[in-house]
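Inspection log for the structure reproduced underneath, given as structure tokens.
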Amino acid sequence: MTEPTKALDGRVAIVTGSGGGLGRAHALCLASQGAAVVVNDIAQDAADRVAREIEEQGGRALAVAASVTDEAAVGAMVERALAAFGRVDIAINNAGILRDKSFAKMDLADFRLVVDVHLIGAAIVCKAVWDTMRAQAYGRIVMTTSSSGLYGNFGQANYGAAKMALVGLMQTLAIEGAKSDIRVNCLAPTAATQMTHGVMSEDSLGRLDPALVSPGLLPLVSENAPTRAILCAGAGHFAAAHVTLTNGVQVGAAPDAGRQVAARWAEIVDRRDEIVPDHAFIQSERELAAAR
């Protein structure tokens, strides 16, 4: 009897920061669906362990130690993936760090470090796979954003700024990649990992198995994936977040424009009939239409 085709048979995925925690769960999940997985971690032994797990379960894996902030190392990782598997279809930007402190106490070096790993690291990985995905006219990229970026969280100014920046990176790469069938999405996970211990209660951590997040990756990297989606996932629950635009009001060039904006604030923020713009110019197009 022939084995049923798996959703990701023939696909090749790179998962950064996958030597443990959420990244490991992602790597195992993608491998279980037939993808060959490049297990990336800053530590070789951690990457090796996860690659062995995949291979012991009948999958294909390549363990590569590299920091996502090292352009040369990331470029070499992509070359190794191409040499081993012939293509790269999926890139999961999962690598990250925390340096939590209130903004008043935060050293700017820690701000830069967190932005460098989360945002610049993701940009480096995307840049390294971009030409390959364009040439094969197929690519699926997932950024790891966070509710701390989408909605804010005390003590995480650096992390929140980096995570919201990844939404902006997703929005533009999705537009630029559309003609090459490169679809780009965000995953906002809540999971018990090394990064979240000490942040959440033990009871909450017990319910937040990373393996309950990873199934949300599958629709984001499949043949029929959406693009520009923000999927929030945790404890087996899935929801979508959106960046929206309200109808607003037209005030014009009146001398008391500032007073009018303040007086009509409730109308400006009224969310009835709000939209999710397809691109940045929707805002300016609506503003010019109202002005005319």
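Ordered as shown in the structure tokens, chains take letters A, B, and onward, while each chain numbers its residues from 1 and ligands are numbered from 1 in the order shown.
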Find the spatial neighbours of segment 26-40 of chain A, counting only C-alpha atoms, within a cut-off of 6 Å - ignore same-chain residues fewer than 3 positions away - and output them as a list in words.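 Contacts, with the query itself left out: Lys6, Ala7, Leu8, Asp9, Arg11, Val12, Ala13, Ile14, Val15, Thr16, Gly17, Ser18, Gly23, Ala47, Gly59, Arg60, Ala61, Leu62, Ala63, Val64, Ala65 and Ser214 of chain A.
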Among segment 38-192 of chain A, which residues does DSSP mark as strand (DSSP E) when it is run on the backbone? Keep the chain and numbering as in the structure and answer as an mmCIF file with N, CA and C atoms, in the first residue's frame.
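Output file out.cif is given in full below:
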data_model
loop_
_atom_site.group_PDB
_atom_site.id
_atom_site.type_symbol
_atom_site.label_atom_id
_atom_site.label_comp_id
_atom_site.auth_asym_id
_atom_site.auth_seq_id
_atom_site.Cartn_x
_atom_site.Cartn_y
_atom_site.Cartn_z
ATOM 1 N N VAL A 38 16.684 22.125 7.473
ATOM 2 C CA VAL A 38 17.973 22.624 7.911
ATOM 3 C C VAL A 38 17.773 23.143 9.328
ATOM 4 N N VAL A 39 18.359 22.422 10.285
ATOM 5 C CA VAL A 39 18.230 22.775 11.696
ATOM 6 C C VAL A 39 19.361 23.735 12.033
ATOM 7 N N ASN A 40 19.008 24.984 12.252
ATOM 8 C CA ASN A 40 20.018 26.007 12.555
ATOM 9 C C ASN A 40 19.958 26.393 14.022
ATOM 10 N N ASP A 41 21.115 26.497 14.632
ATOM 11 C CA ASP A 41 21.209 27.005 16.002
ATOM 12 C C ASP A 41 22.590 27.602 16.165
ATOM 13 N N ALA A 61 17.460 15.740 7.480
ATOM 14 C CA ALA A 61 17.849 16.951 8.201
ATOM 15 C C ALA A 61 19.327 17.250 8.008
ATOM 16 N N LEU A 62 19.644 18.524 8.135
ATOM 17 C CA LEU A 62 21.022 19.001 8.072
ATOM 18 C C LEU A 62 21.200 19.973 9.221
ATOM 19 N N ALA A 63 22.168 19.718 10.101
ATOM 20 C CA ALA A 63 22.424 20.581 11.253
ATOM 21 C C ALA A 63 23.501 21.597 10.900
ATOM 22 N N VAL A 64 23.204 22.874 11.106
ATOM 23 C CA VAL A 64 24.166 23.940 10.780
ATOM 24 C C VAL A 64 24.224 24.931 11.938
ATOM 25 N N ALA A 65 25.412 25.119 12.498
ATOM 26 C CA ALA A 65 25.612 26.126 13.539
ATOM 27 C C ALA A 65 25.961 27.453 12.884
ATOM 28 N N ILE A 90 11.275 27.114 2.140
ATOM 29 C CA ILE A 90 10.662 27.668 3.349
ATOM 30 C C ILE A 90 11.759 28.220 4.247
ATOM 31 N N ALA A 91 11.542 29.411 4.786
ATOM 32 C CA ALA A 91 12.451 29.976 5.790
ATOM 33 C C ALA A 91 11.624 30.412 6.989
ATOM 34 N N ILE A 92 11.931 29.829 8.150
ATOM 35 C CA ILE A 92 11.241 30.190 9.383
ATOM 36 C C ILE A 92 12.215 30.987 10.243
ATOM 37 N N ASN A 93 11.950 32.280 10.394
ATOM 38 C CA ASN A 93 12.811 33.153 11.193
ATOM 39 C C ASN A 93 12.365 33.084 12.649
ATOM 40 N N GLY A 139 8.387 30.471 -2.803
ATOM 41 C CA GLY A 139 8.994 30.655 -1.495
ATOM 42 C C GLY A 139 7.931 30.917 -0.442
ATOM 43 N N ARG A 140 8.211 30.452 0.765
ATOM 44 C CA ARG A 140 7.325 30.696 1.903
ATOM 45 C C ARG A 140 8.208 31.131 3.069
ATOM 46 N N ILE A 141 7.961 32.339 3.578
ATOM 47 C CA ILE A 141 8.762 32.896 4.665
ATOM 48 C C ILE A 141 7.838 33.208 5.837
ATOM 49 N N VAL A 142 8.276 32.847 7.025
ATOM 50 C CA VAL A 142 7.511 33.173 8.234
ATOM 51 C C VAL A 142 8.408 33.963 9.184
ATOM 52 N N MET A 143 7.931 35.134 9.582
ATOM 53 C CA MET A 143 8.588 35.939 10.615
ATOM 54 C C MET A 143 7.952 35.589 11.953
ATOM 55 N N THR A 144 8.741 35.599 13.018
ATOM 56 C CA THR A 144 8.179 35.393 14.347
ATOM 57 C C THR A 144 7.995 36.742 15.012
ATOM 58 N N ILE A 182 6.342 34.238 -3.811
ATOM 59 C CA ILE A 182 6.948 34.214 -2.478
ATOM 60 C C ILE A 182 5.926 34.820 -1.521
ATOM 61 N N ARG A 183 5.451 34.013 -0.603
ATOM 62 C CA ARG A 183 4.422 34.457 0.338
ATOM 63 C C ARG A 183 5.048 34.589 1.719
ATOM 64 N N VAL A 184 4.747 35.696 2.367
ATOM 65 C CA VAL A 184 5.412 36.037 3.618
ATOM 66 C C VAL A 184 4.362 36.309 4.687
ATOM 67 N N ASN A 185 4.502 35.652 5.830
ATOM 68 C CA ASN A 185 3.529 35.769 6.909
ATOM 69 C C ASN A 185 4.234 35.909 8.243
ATOM 70 N N CYS A 186 3.459 36.212 9.273
ATOM 71 C CA CYS A 186 3.982 36.310 10.632
ATOM 72 C C CYS A 186 3.272 35.312 11.537
ATOM 73 N N LEU A 187 4.024 34.769 12.473
ATOM 74 C CA LEU A 187 3.484 33.930 13.532
ATOM 75 C C LEU A 187 3.789 34.617 14.860
ATOM 76 N N ALA A 188 2.762 34.816 15.668
ATOM 77 C CA ALA A 188 2.927 35.403 17.003
ATOM 78 C C ALA A 188 2.652 34.309 18.025
ATOM 79 N N PRO A 189 3.703 33.617 18.495
ATOM 80 C CA PRO A 189 3.491 32.458 19.366
ATOM 81 C C PRO A 189 3.470 32.825 20.849
ATOM 82 N N THR A 190 2.765 32.025 21.606
ATOM 83 C CA THR A 190 2.889 32.041 23.055
ATOM 84 C C THR A 190 3.255 30.620 23.452
#
Could you work out how far atom CA of Ala240 of chain A lies from atom CA of Val68 of chain A, giving the answer in Å with one decimal?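 Atom-to-atom, atom CA of Val68 of chain A to atom CA of Ala240 of chain A, that is 27.3 Å.
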Using DSSP secondary structure from the backbone, list all helix (DSSP H, G or I) positions within segment 64-210 of chain A, as number ranges by chain. A: 71-85, 108-135, 147-151, 157-180, 202-207, 210
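Atom CA of Ala66 of chain A is found 5.0 Å from atom CA of Ile42 of chain A.
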Excluding same-chain residues fewer than 6 positions from segment 261-274 of chain A, what lies within 9 Å of it counting only C-alpha atoms, as a ChimeraX atom specification? /A:244-249,251
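With distances restricted to only C-alpha atoms, A:His279 is the closest residue to Thr172 of chain A from A:His118, A:Arg207, A:Arg24, A:His279.
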Near Leu119 of chain A, counting only C-alpha atoms, which residues have an atom at most 7 Å away, once you skip same-chain residues fewer than 4 positions from it, shown as a PDB file with C-alpha atoms, in the first residue's frame?
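Below is the file selection-v6.pdb, written as the result:
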ATOM      1  CA  VAL A 115      16.974  44.380  17.375  1.00  0.00           C
ATOM      2  CA  ALA A 123      16.528  40.307   7.168  1.00  0.00           C
ATOM      3  CA  ALA A 162      11.988  44.438  16.969  1.00  0.00           C
ATOM      4  CA  ALA A 165       9.412  45.839  12.880  1.00  0.00           C
ATOM      5  CA  LEU A 166       9.177  42.261  11.594  1.00  0.00           C
TER       6      LEU A 166
END
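Ranking A:Asp209, A:Arg134, A:Gly20, A:Lys105 by their shortest atom-to-atom distance to Glu176 of chain A, with only C-alpha atoms included, puts A:Arg134 first.
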